[in-house]
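One file, work.cif, is given below (mmCIF, C-alpha atoms).
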data_my_file
#
loop_
_atom_site.label_atom_id
_atom_site.label_comp_id
_atom_site.auth_asym_id
_atom_site.auth_seq_id
_atom_site.Cartn_x
_atom_site.Cartn_y
_atom_site.Cartn_z
CA MET Z 1 -17.93 21.34 3.41
CA GLY Z 2 -18.41 17.59 3.31
CA GLY Z 3 -17.64 14.69 5.62
CA ASP Z 4 -19.60 12.19 7.68
CA GLN Z 5 -20.52 14.69 10.39
CA ALA Z 6 -20.70 17.92 8.41
CA PRO Z 7 -21.45 20.73 8.86
CA GLY Z 8 -21.31 20.60 12.67
CA VAL Z 9 -17.82 19.12 12.97
CA ILE Z 10 -16.45 21.51 10.33
CA ILE Z 11 -17.69 24.57 12.17
CA GLN Z 12 -16.43 23.27 15.52
CA GLY Z 13 -13.03 22.72 13.90
CA LEU Z 14 -13.12 26.26 12.51
CA VAL Z 15 -13.75 27.63 16.01
CA THR Z 16 -10.61 25.91 17.26
CA ALA Z 17 -8.59 27.05 14.24
CA ALA Z 18 -9.83 30.66 14.52
CA GLN Z 19 -8.52 30.78 18.07
CA ARG Z 20 -5.13 29.42 16.97
CA TYR Z 21 -4.82 31.67 13.92
CA PRO Z 22 -6.42 35.09 14.50
CA PHE Z 23 -4.73 36.34 11.30
CA VAL Z 24 -6.59 33.85 9.07
CA HIS Z 25 -9.94 34.56 7.39
CA PHE Z 26 -11.97 31.55 6.28
CA LEU Z 27 -14.24 31.12 3.25
CA LEU Z 28 -16.89 28.53 4.05
CA TYR Z 29 -18.92 26.85 1.29
CA GLY Z 30 -22.01 24.73 1.89
CA ASP Z 31 -25.75 24.33 2.16
CA GLN Z 32 -27.32 27.53 3.48
CA ARG Z 33 -30.09 25.86 5.49
CA ALA Z 34 -27.66 23.56 7.27
CA VAL Z 35 -24.79 25.98 7.83
CA GLU Z 36 -26.28 29.37 8.74
CA PRO Z 37 -28.02 28.28 11.98
CA LEU Z 38 -24.75 26.74 13.23
CA LEU Z 39 -22.73 29.78 12.23
CA ALA Z 40 -25.15 32.02 14.12
CA GLN Z 41 -24.35 30.05 17.28
CA ALA Z 42 -20.57 30.18 16.75
CA LYS Z 43 -19.85 33.62 18.18
CA ALA Z 44 -16.07 33.01 17.97
CA LEU Z 45 -16.35 33.03 14.16
CA VAL Z 46 -17.95 36.47 13.86
CA GLY Z 47 -15.83 38.51 11.46
CA LYS Z 48 -13.56 35.54 10.75
CA VAL Z 49 -15.71 33.62 8.27
CA THR Z 50 -17.36 34.53 4.99
CA PHE Z 51 -20.09 32.05 4.09
CA ILE Z 52 -20.83 31.33 0.42
CA PRO Z 53 -24.00 29.25 -0.07
CA CYS Z 54 -23.96 26.42 -2.61
CA ASP Z 55 -27.05 24.60 -3.83
CA GLU Z 56 -25.45 21.43 -5.22
CA ILE Z 57 -23.88 18.55 -3.33
CA ILE Z 58 -21.21 16.00 -4.17
CA THR Z 59 -22.15 12.98 -2.06
CA SER Z 60 -20.03 10.00 -1.07
CA GLU Z 61 -21.69 8.12 -3.94
CA THR Z 62 -20.85 10.67 -6.64
CA LYS Z 63 -18.35 9.29 -9.14
CA PRO Z 64 -15.31 11.45 -9.98
CA SER Z 65 -16.38 11.58 -13.63
CA ALA Z 66 -19.80 12.95 -12.62
CA ALA Z 67 -18.17 15.55 -10.35
CA LEU Z 68 -16.01 16.70 -13.26
CA ARG Z 69 -18.87 16.93 -15.76
CA SER Z 70 -21.64 18.36 -13.60
CA LEU Z 71 -22.51 19.94 -10.22
CA PRO Z 72 -20.83 23.30 -10.99
CA ASN Z 73 -22.21 24.93 -7.84
CA SER Z 74 -21.11 22.26 -5.38
CA SER Z 75 -19.25 23.47 -2.32
CA MET Z 76 -16.24 21.31 -3.22
CA ARG Z 77 -15.86 22.74 -6.71
CA GLN Z 78 -16.46 26.33 -5.63
CA ALA Z 79 -13.89 26.08 -2.81
CA ILE Z 80 -11.25 24.75 -5.20
CA ILE Z 81 -12.09 27.47 -7.73
CA ALA Z 82 -11.46 30.07 -5.01
CA VAL Z 83 -7.87 28.79 -4.75
CA ALA Z 84 -7.46 28.59 -8.53
CA GLU Z 85 -8.59 32.22 -8.87
CA GLY Z 86 -6.41 33.46 -6.02
CA ARG Z 87 -9.25 34.34 -3.64
CA ALA Z 88 -7.99 31.73 -1.17
CA GLN Z 89 -4.54 30.32 -0.45
CA GLY Z 90 -5.63 26.76 0.31
CA VAL Z 91 -8.61 24.42 0.33
CA ILE Z 92 -9.62 21.69 2.80
CA SER Z 93 -12.37 19.15 2.24
CA ALA Z 94 -13.63 16.14 4.16
CA GLY Z 95 -15.85 15.09 1.27
CA ASN Z 96 -15.65 12.44 -1.47
CA THR Z 97 -11.93 11.67 -1.93
CA GLY Z 98 -12.07 10.60 -5.57
CA ALA Z 99 -14.13 13.61 -6.62
CA TYR Z 100 -11.92 15.96 -4.62
CA MET Z 101 -8.68 14.66 -6.14
CA ALA Z 102 -10.11 14.77 -9.66
CA LEU Z 103 -11.48 18.31 -9.28
CA ALA Z 104 -8.33 19.61 -7.61
CA LYS Z 105 -6.14 18.23 -10.38
CA MET Z 106 -8.40 19.61 -13.11
CA LEU Z 107 -8.95 23.07 -11.61
CA LEU Z 108 -5.60 23.76 -9.96
CA LYS Z 109 -3.52 21.89 -12.54
CA THR Z 110 -0.12 20.31 -11.99
CA MET Z 111 2.92 22.53 -11.50
CA PRO Z 112 5.28 22.95 -14.48
CA GLY Z 113 8.00 20.32 -14.38
CA ILE Z 114 5.93 17.84 -12.34
CA ASP Z 115 4.47 14.90 -14.23
CA ARG Z 116 2.05 13.76 -11.53
CA PRO Z 117 0.97 15.22 -8.19
CA ALA Z 118 1.38 12.94 -5.17
CA LEU Z 119 -0.82 12.25 -2.16
CA ALA Z 120 1.23 12.55 1.03
CA SER Z 121 0.67 12.37 4.77
CA LEU Z 122 2.49 12.87 8.06
CA ALA Z 123 3.06 10.04 10.52
CA PRO Z 124 4.68 9.58 13.94
CA THR Z 125 7.94 7.68 14.43
CA LEU Z 126 10.36 7.02 17.28
CA LYS Z 127 12.27 10.16 16.27
CA GLY Z 128 9.48 12.57 15.32
CA GLU Z 129 7.20 13.23 12.36
CA ILE Z 130 7.87 12.04 8.84
CA ILE Z 131 6.19 12.61 5.50
CA PHE Z 132 5.49 9.67 3.23
CA LEU Z 133 4.25 9.66 -0.35
CA ASP Z 134 2.55 8.49 -2.56
CA LEU Z 135 -0.43 7.05 -0.72
CA GLY Z 136 -2.61 5.88 -3.57
CA ALA Z 137 -2.95 8.61 -6.16
CA ASN Z 138 -0.43 6.92 -8.48
CA VAL Z 139 -0.69 3.13 -8.35
CA GLU Z 140 1.93 2.66 -11.05
CA CYS Z 141 4.98 4.94 -11.10
CA SER Z 142 7.96 5.42 -13.35
CA SER Z 143 11.45 6.11 -12.05
CA LYS Z 144 10.96 9.78 -12.92
CA ASN Z 145 7.72 9.93 -10.91
CA LEU Z 146 9.45 8.52 -7.84
CA GLN Z 147 12.35 10.95 -8.23
CA GLN Z 148 9.91 13.86 -8.36
CA PHE Z 149 8.08 12.56 -5.28
CA ALA Z 150 11.43 12.46 -3.47
CA ILE Z 151 12.19 16.07 -4.37
CA MET Z 152 8.71 17.23 -3.34
CA GLY Z 153 8.96 15.38 -0.04
CA GLU Z 154 12.42 16.76 0.71
CA ILE Z 155 11.28 20.33 0.10
CA PHE Z 156 8.19 19.78 2.27
CA ALA Z 157 10.33 18.39 5.09
CA ARG Z 158 12.68 21.38 4.94
CA TYR Z 159 10.13 24.16 4.80
CA VAL Z 160 7.05 22.77 6.57
CA LEU Z 161 8.61 20.38 9.08
CA HIS Z 162 11.61 22.74 9.49
CA LEU Z 163 14.22 20.01 9.14
CA PRO Z 164 17.43 21.63 7.86
CA LYS Z 165 18.89 18.39 6.45
CA PRO Z 166 16.08 15.85 5.94
CA LYS Z 167 16.96 12.31 4.92
CA VAL Z 168 15.07 10.75 2.01
CA GLY Z 169 14.51 7.01 1.74
CA LEU Z 170 13.17 4.96 -1.18
CA MET Z 171 10.98 2.02 -0.18
CA ASN Z 172 12.29 -1.32 -1.40
CA VAL Z 173 12.28 -5.02 -0.53
CA GLY Z 174 15.80 -4.69 0.87
CA SER Z 175 18.50 -2.12 1.46
CA GLU Z 176 20.97 -3.66 -1.01
CA ASP Z 177 21.45 -1.91 -4.35
CA ILE Z 178 20.85 -5.13 -6.29
CA LYS Z 179 17.30 -5.48 -4.93
CA GLY Z 180 14.10 -3.98 -6.28
CA ASN Z 181 12.32 -3.62 -9.59
CA ALA Z 182 13.49 -1.53 -12.52
CA ALA Z 183 11.43 1.53 -11.53
CA VAL Z 184 12.85 1.64 -8.00
CA LYS Z 185 16.45 1.05 -9.14
CA GLY Z 186 16.07 3.69 -11.83
CA ALA Z 187 14.61 6.16 -9.32
CA ALA Z 188 17.60 5.68 -7.02
CA GLU Z 189 19.97 6.54 -9.87
CA LEU Z 190 17.96 9.64 -10.77
CA ILE Z 191 17.84 10.84 -7.16
CA ARG Z 192 21.61 10.38 -6.81
CA THR Z 193 22.12 12.85 -9.67
CA SER Z 194 19.40 15.32 -8.61
CA SER Z 195 19.39 18.47 -6.48
CA ILE Z 196 18.69 16.37 -3.35
CA LYS Z 197 21.49 13.85 -3.87
CA ASN Z 198 23.09 14.80 -0.54
CA SER Z 199 19.81 14.08 1.26
CA PHE Z 200 19.34 10.62 -0.24
CA TYR Z 201 19.74 7.90 2.39
CA GLY Z 202 19.16 5.06 -0.06
CA PHE Z 203 16.79 2.09 0.02
CA ILE Z 204 14.74 1.44 3.16
CA GLU Z 205 12.37 -1.31 4.27
CA GLY Z 206 8.97 -1.20 5.97
CA ASP Z 207 10.28 -1.30 9.54
CA ASP Z 208 12.43 1.78 8.86
CA ILE Z 209 9.27 3.91 8.74
CA THR Z 210 8.39 3.74 12.43
CA ARG Z 211 12.05 3.72 13.46
CA GLY Z 212 12.43 7.17 11.94
CA THR Z 213 15.41 6.07 9.86
CA VAL Z 214 14.55 8.79 7.35
CA ASP Z 215 12.36 11.89 7.30
CA VAL Z 216 10.84 11.32 3.85
CA VAL Z 217 9.57 7.93 2.69
CA VAL Z 218 9.02 7.56 -1.07
CA MET Z 219 7.05 4.76 -2.73
CA ASP Z 220 4.51 4.13 -5.46
CA GLY Z 221 0.84 4.65 -4.61
CA PHE Z 222 0.01 0.93 -4.48
CA THR Z 223 2.68 0.27 -1.85
CA GLY Z 224 1.89 3.49 0.01
CA ASN Z 225 -1.80 2.74 0.34
CA VAL Z 226 -1.09 -0.78 1.62
CA VAL Z 227 1.41 0.62 4.16
CA LEU Z 228 -1.09 3.26 5.32
CA LYS Z 229 -4.00 0.84 5.77
CA ALA Z 230 -1.80 -1.80 7.40
CA ALA Z 231 -0.46 0.76 9.88
CA GLU Z 232 -4.00 1.85 10.77
CA GLY Z 233 -4.98 -1.79 11.29
CA VAL Z 234 -1.97 -2.56 13.50
CA MET Z 235 -2.71 0.49 15.64
CA GLN Z 236 -6.35 -0.53 16.10
CA LEU Z 237 -5.33 -4.10 16.91
CA SER Z 238 -2.75 -2.94 19.47
CA LEU Z 239 -5.23 -0.65 21.22
CA HIS Z 240 -7.80 -3.47 21.27
CA TYR Z 241 -5.34 -5.88 22.91
CA ILE Z 242 -4.28 -3.29 25.49
CA LYS Z 243 -7.91 -2.61 26.40
CA GLU Z 244 -8.67 -6.33 26.53
CA ALA Z 245 -5.68 -7.01 28.77
CA PHE Z 246 -6.66 -4.32 31.28
CA GLN Z 247 -10.20 -5.73 31.48
CA SER Z 248 -9.11 -9.34 32.01
CA SER Z 249 -9.14 -9.35 35.85
CA TRP Z 250 -9.48 -7.14 38.91
CA VAL Z 251 -5.68 -7.06 39.21
CA ALA Z 252 -5.45 -5.83 35.63
CA ARG Z 253 -8.07 -3.16 36.36
CA LEU Z 254 -6.02 -2.04 39.35
CA GLY Z 255 -2.98 -1.95 37.11
CA TYR Z 256 -4.90 0.25 34.70
CA LEU Z 257 -5.55 2.79 37.46
CA LEU Z 258 -1.86 2.86 38.30
CA ALA Z 259 -0.83 3.10 34.65
CA SER Z 260 -3.53 5.60 33.66
CA PRO Z 261 -1.21 8.66 33.36
CA MET Z 262 1.20 6.77 31.11
CA LEU Z 263 -1.64 5.37 29.01
CA LYS Z 264 -3.04 8.86 28.47
CA LYS Z 265 0.38 9.98 27.29
CA LEU Z 266 0.55 6.98 24.95
CA SER Z 267 -2.95 7.73 23.65
CA LEU Z 268 -1.95 11.31 22.91
CA ARG Z 269 1.17 10.21 21.05
CA LEU Z 270 -0.80 7.76 18.89
CA ASP Z 271 -3.90 9.93 18.39
CA TYR Z 272 -4.53 9.67 14.64
CA ARG Z 273 -6.43 12.97 14.72
CA ARG Z 274 -3.10 14.78 15.12
CA TYR Z 275 -2.08 13.50 11.69
CA ASN Z 276 -5.36 14.11 9.88
CA GLY Z 277 -4.90 15.61 6.46
CA GLY Z 278 -3.81 14.10 3.16
CA ILE Z 279 -1.56 16.52 1.26
CA TRP Z 280 -2.05 16.86 -2.49
CA LEU Z 281 1.53 17.87 -3.44
CA GLY Z 282 2.50 19.19 -6.86
CA LEU Z 283 -0.57 21.27 -7.70
CA ASN Z 284 -0.75 25.02 -8.32
CA GLY Z 285 -2.47 25.53 -4.99
CA ILE Z 286 -2.63 23.98 -1.55
CA ALA Z 287 -5.20 21.19 -1.25
CA ILE Z 288 -5.70 19.16 1.94
CA LYS Z 289 -8.00 16.14 2.23
CA SER Z 290 -9.42 15.61 5.70
CA HIS Z 291 -10.62 12.15 6.67
CA GLY Z 292 -14.37 11.94 6.14
CA GLY Z 293 -14.88 10.62 9.67
CA ALA Z 294 -12.70 13.23 11.37
CA ASP Z 295 -14.06 14.99 14.44
CA ALA Z 296 -13.60 18.70 15.22
CA LEU Z 297 -10.09 18.21 16.58
CA GLY Z 298 -9.05 16.20 13.54
CA PHE Z 299 -10.44 18.81 11.15
CA ALA Z 300 -8.66 21.57 13.09
CA HIS Z 301 -5.39 19.68 12.59
CA ALA Z 302 -6.06 19.57 8.84
CA ILE Z 303 -6.39 23.36 9.00
CA ASP Z 304 -3.10 23.48 10.94
CA LEU Z 305 -1.45 21.68 8.06
CA ALA Z 306 -2.89 24.05 5.46
CA VAL Z 307 -1.80 27.12 7.44
CA ASP Z 308 1.72 25.70 7.86
CA MET Z 309 1.98 25.12 4.11
CA VAL Z 310 0.77 28.64 3.31
CA THR Z 311 3.01 30.42 5.82
CA SER Z 312 6.07 28.38 4.82
CA HIS Z 313 5.53 29.23 1.11
CA VAL Z 314 6.22 25.60 0.29
CA ASN Z 315 4.55 25.80 -3.11
CA ASP Z 316 6.80 28.73 -4.08
CA HIS Z 317 9.82 26.58 -3.23
CA LEU Z 318 8.41 23.66 -5.22
CA LEU Z 319 7.72 25.90 -8.20
CA LYS Z 320 11.25 27.32 -8.09
CA GLU Z 321 12.80 23.85 -7.90
CA PHE Z 322 10.80 22.29 -10.71
CA SER Z 323 10.96 25.36 -12.94
CA SER Z 324 14.75 25.03 -12.83
CA GLU Z 325 14.34 21.40 -13.91
CA LEU Z 326 12.85 22.68 -17.18
CA LEU Z 327 15.89 24.83 -18.02
CA PRO Z 328 18.88 23.51 -19.97
CA GLN Z 329 21.43 22.06 -17.55
CA GLU Z 330 24.15 24.50 -18.61
CA VAL Z 331 21.86 27.42 -17.66
CA VAL Z 332 20.97 25.88 -14.29
CA ASN Z 333 24.65 25.44 -13.40
CA ARG Z 334 25.63 29.05 -14.10
#

Rewrite the structure from the file as structure tokens, please.
Amino acid sequence: MGGDQAPGVIIQGLVTAAQRYPFVHFLLYGDQRAVEPLLAQAKALVGKVTFIPCDEIITSETKPSAALRSLPNSSMRQAIIAVAEGRAQGVISAGNTGAYMALAKMLLKTMPGIDRPALASLAPTLKGEIIFLDLGANVECSSKNLQQFAIMGEIFARYVLHLPKPKVGLMNVGSEDIKGNAAVKGAAELIRTSSIKNSFYGFIEGDDITRGTVDVVVMDGFTGNVVLKAAEGVMQLSLHYIKEAFQSSWVARLGYLLASPMLKKLSLRLDYRRYNGGIWLGLNGIAIKSHGGADALGFAHAIDLAVDMVTSHVNDHLLKEFSSELLPQEVVNR
């Protein structure tokens, strides 16, 4: 459970998801007094949801350290434990981000061969969807970290986004090989000698993201978080200016009526709810972080993402790839 508008939005999102995926059964964790009356009204969820009551709550104010040390019967912890114990194939939460990331990392643990899990997300471009990582989980990264992010992103793009030959780009201050800090330059060399060397496009810059120059954008968490927040701000500013322009005169209002079908199409293309869901890549289990302010449609899209990851067996492919990284090179090449 969790989120600004829980549990109502969560259950509404489940109704939508249950209609899309009749083969999926959901485990729902939360406060019994708040959840059961809403579940009783959601006839579409009969037989599709098992509710497990929890009597402790991780609030937006709970520190990650407190979530790790206490609150054993919180819905967040119990949902993650269900994945760790194999009773569920994935977990989605709209609750406290810091607590969720800390609990997921502690309970699910990082895959063998991966030094750090990465927080990733999908985004629209001129050419389709891309995945970019890391978005803030790892503020400082080594060359090896960035190489591993690139491999994880490439595998995700192949198996979840169904791109047969995804292109991987490494974020830099320029496309020339001489530019960048030591970590970025070192990462490029490691990627060029890795299993995804044929997918490596090279260095990219910020404007390459929306152009769709590559399918996977790799960067450290500090850069990724700045890019993410800046993109959200630019989108809000653009929509504000468009609205302001159409309200500036009666001629503009008339123009709005004429342009309404195209504006609806634009709104659909830029609807952030379609890209709701931060992906915690590199853990022994699928963990999706929904935006705390997501509505029912946004939460349903986070479920879409989790189902896609489960049905594509992306974690199996990640485990196979990074397990081979642990073997002696002469064994791998046989």

Practice problem: Go through the shown structure with the PyMOL selection byres ((chain Z and resi 285-288) around 9) and write out the matching residues as number ranges by chain. | Solution: Z: 80, 83-84, 86, 89-94, 101, 104, 108-109, 111, 277-284, 289-290, 302-303, 305-306, 309-310, 315

Quiz prompt | For Z:Gly95: contacts at 12 Å, all atoms listed in the file, fewer than 6 positions along chain excluded, given as number ranges by chain | solution = Z: 1-7, 10, 30, 57-62, 64, 67, 74-77, 79, 101, 103, 288-294, 299

Quiz item: If the PyMOL selection byres ((chain Z and resi 35) around 12) is run on the structure shown, which residues does it catch, given as a ChimeraX atom specification?
Solution: /Z:1-2,6-12,28-34,36-42,49-55,75

Counting all atoms listed in the file, what are the residues of stretch 169-219 of chain Z within 8 Å of stretch 141-157 of chain Z, and for each of them which pair of atoms is the nearest and at what distance in Å, to one decimal? Sort the table by chain and rising number, as CSV.
residue,atom,partner,partner_atom,distance
Z:Ala182,CA,Z:Ser143,CA,7.9
Z:Ala183,CA,Z:Ser143,CA,4.6
Z:Val184,CA,Z:Ser143,CA,6.2
Z:Lys185,CA,Z:Ser143,CA,7.7
Z:Gly186,CA,Z:Ser143,CA,5.2
Z:Ala187,CA,Z:Ser143,CA,4.2
Z:Ala188,CA,Z:Gln147,CA,7.5
Z:Leu190,CA,Z:Gln147,CA,6.3
Z:Ile191,CA,Z:Gln147,CA,5.6
Z:Ser195,CA,Z:Ile151,CA,7.9
Z:Ile196,CA,Z:Ile151,CA,6.6
Z:Ser199,CA,Z:Glu154,CA,7.9
Z:Asp215,CA,Z:Ala157,CA,7.2
Z:Val216,CA,Z:Gly153,CA,5.9
Z:Val217,CA,Z:Ala150,CA,7.9
Z:Val218,CA,Z:Ala150,CA,6.0
Z:Met219,CA,Z:Leu146,CA,6.8

Output for the residues just chosen: C-alpha atoms as a PDB file, keeping the file's coordinate frame:
ATOM      1  CA  ALA Z 182      13.490  -1.530 -12.520  1.00  0.00           C
ATOM      2  CA  ALA Z 183      11.430   1.530 -11.530  1.00  0.00           C
ATOM      3  CA  VAL Z 184      12.850   1.640  -8.000  1.00  0.00           C
ATOM      4  CA  LYS Z 185      16.450   1.050  -9.140  1.00  0.00           C
ATOM      5  CA  GLY Z 186      16.070   3.690 -11.830  1.00  0.00           C
ATOM      6  CA  ALA Z 187      14.610   6.160  -9.320  1.00  0.00           C
ATOM      7  CA  ALA Z 188      17.600   5.680  -7.020  1.00  0.00           C
ATOM      8  CA  LEU Z 190      17.960   9.640 -10.770  1.00  0.00           C
ATOM      9  CA  ILE Z 191      17.840  10.840  -7.160  1.00  0.00           C
ATOM     10  CA  SER Z 195      19.390  18.470  -6.480  1.00  0.00           C
ATOM     11  CA  ILE Z 196      18.690  16.370  -3.350  1.00  0.00           C
ATOM     12  CA  SER Z 199      19.810  14.080   1.260  1.00  0.00           C
ATOM     13  CA  ASP Z 215      12.360  11.890   7.300  1.00  0.00           C
ATOM     14  CA  VAL Z 216      10.840  11.320   3.850  1.00  0.00           C
ATOM     15  CA  VAL Z 217       9.570   7.930   2.690  1.00  0.00           C
ATOM     16  CA  VAL Z 218       9.020   7.560  -1.070  1.00  0.00           C
ATOM     17  CA  MET Z 219       7.050   4.760  -2.730  1.00  0.00           C
TER      18      MET Z 219
END

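The list of residues with at least one atom within 12 Å of Z:Tyr21, based on all atoms listed in the file and without residues fewer than 6 positions apart in the same chain, reads Leu14, Val15, Leu45, Lys48, Ala300, Ile303, Asp304, Ala306, Val307, Asp308 and Thr311 of chain Z.
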
Quiz prompt | atom CA of Z:Ile178 to atom CA of Z:Asn225, distance in Å rounded to a single decimal | solution = 24.9 Å

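Neighbouring residues of Z:Gly128 at 12 Å or closer, counting all atoms listed in the file and skipping chain neighbours under 2 positions away, are Leu122, Ala123, Pro124, Thr125, Leu126, Ile130, Ile131, Ala157, Leu161, His162, Leu163, Pro166, Ile209, Thr210, Arg211, Gly212, Thr213, Val214, Asp215, Val216, Arg269 and Leu270 of chain Z.
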
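What separates atom CA of Z:Glu56 from atom CA of Z:Pro72 is a distance of 7.6 Å.
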
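Taking atom CA of Z:Leu135 and atom CA of Z:Ser238 as endpoints, the distance between them is 22.6 Å.
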
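Comparing Z:Glu85, Z:Asp220, Z:Asp207, Z:Glu129 by their smallest distance to Z:Ser175, the closest is Z:Asp207 (using only C-alpha atoms).
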
Please complete stretch 118-125 of chain Z with all heavy atoms and give it back as a PDB file, in the coordinates of the input.
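New file out-v2.pdb:
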ATOM      1  N   ALA Z 118       1.325  14.088  -6.078  1.00  0.00           N
ATOM      2  CA  ALA Z 118       1.380  12.940  -5.170  1.00  0.00           C
ATOM      3  C   ALA Z 118       0.531  13.203  -3.940  1.00  0.00           C
ATOM      4  O   ALA Z 118       0.426  14.343  -3.483  1.00  0.00           O
ATOM      5  CB  ALA Z 118       2.820  12.653  -4.757  1.00  0.00           C
ATOM      6  N   LEU Z 119      -0.061  12.151  -3.402  1.00  0.00           N
ATOM      7  CA  LEU Z 119      -0.820  12.250  -2.160  1.00  0.00           C
ATOM      8  C   LEU Z 119       0.122  11.853  -1.018  1.00  0.00           C
ATOM      9  O   LEU Z 119       0.696  10.765  -1.021  1.00  0.00           O
ATOM     10  CB  LEU Z 119      -2.021  11.312  -2.199  1.00  0.00           C
ATOM     11  CG  LEU Z 119      -3.001  11.412  -1.019  1.00  0.00           C
ATOM     12  CD1 LEU Z 119      -3.615  12.809  -0.938  1.00  0.00           C
ATOM     13  CD2 LEU Z 119      -4.098  10.368  -1.159  1.00  0.00           C
ATOM     14  N   ALA Z 120       0.280  12.764  -0.059  1.00  0.00           N
ATOM     15  CA  ALA Z 120       1.230  12.550   1.030  1.00  0.00           C
ATOM     16  C   ALA Z 120       0.529  12.694   2.375  1.00  0.00           C
ATOM     17  O   ALA Z 120      -0.585  13.209   2.475  1.00  0.00           O
ATOM     18  CB  ALA Z 120       2.378  13.561   0.933  1.00  0.00           C
ATOM     19  N   SER Z 121       1.204  12.245   3.427  1.00  0.00           N
ATOM     20  CA  SER Z 121       0.670  12.370   4.770  1.00  0.00           C
ATOM     21  C   SER Z 121       1.815  12.398   5.767  1.00  0.00           C
ATOM     22  O   SER Z 121       2.931  11.966   5.467  1.00  0.00           O
ATOM     23  CB  SER Z 121      -0.271  11.213   5.093  1.00  0.00           C
ATOM     24  OG  SER Z 121      -0.830  11.348   6.392  1.00  0.00           O
ATOM     25  N   LEU Z 122       1.528  12.908   6.961  1.00  0.00           N
ATOM     26  CA  LEU Z 122       2.490  12.870   8.060  1.00  0.00           C
ATOM     27  C   LEU Z 122       2.197  11.650   8.928  1.00  0.00           C
ATOM     28  O   LEU Z 122       1.070  11.161   8.976  1.00  0.00           O
ATOM     29  CB  LEU Z 122       2.386  14.145   8.901  1.00  0.00           C
ATOM     30  CG  LEU Z 122       2.615  15.463   8.171  1.00  0.00           C
ATOM     31  CD1 LEU Z 122       2.500  16.621   9.152  1.00  0.00           C
ATOM     32  CD2 LEU Z 122       3.957  15.483   7.470  1.00  0.00           C
ATOM     33  N   ALA Z 123       3.213  11.198   9.628  1.00  0.00           N
ATOM     34  CA  ALA Z 123       3.060  10.040  10.520  1.00  0.00           C
ATOM     35  C   ALA Z 123       4.076  10.134  11.650  1.00  0.00           C
ATOM     36  O   ALA Z 123       5.149  10.721  11.480  1.00  0.00           O
ATOM     37  CB  ALA Z 123       3.256   8.736   9.741  1.00  0.00           C
ATOM     38  N   PRO Z 124       3.736   9.556  12.819  1.00  0.00           N
ATOM     39  CA  PRO Z 124       4.680   9.580  13.940  1.00  0.00           C
ATOM     40  C   PRO Z 124       5.710   8.461  13.837  1.00  0.00           C
ATOM     41  O   PRO Z 124       5.432   7.391  13.289  1.00  0.00           O
ATOM     42  CB  PRO Z 124       3.765   9.366  15.150  1.00  0.00           C
ATOM     43  CG  PRO Z 124       2.649   8.507  14.612  1.00  0.00           C
ATOM     44  CD  PRO Z 124       2.445   8.940  13.187  1.00  0.00           C
ATOM     45  N   THR Z 125       6.908   8.703  14.353  1.00  0.00           N
ATOM     46  CA  THR Z 125       7.940   7.680  14.430  1.00  0.00           C
ATOM     47  C   THR Z 125       8.635   7.805  15.790  1.00  0.00           C
ATOM     48  O   THR Z 125       8.305   8.695  16.590  1.00  0.00           O
ATOM     49  CB  THR Z 125       9.009   7.843  13.325  1.00  0.00           C
ATOM     50  OG1 THR Z 125       9.846   8.967  13.637  1.00  0.00           O
ATOM     51  CG2 THR Z 125       8.365   8.050  11.975  1.00  0.00           C
TER      52      THR Z 125
END
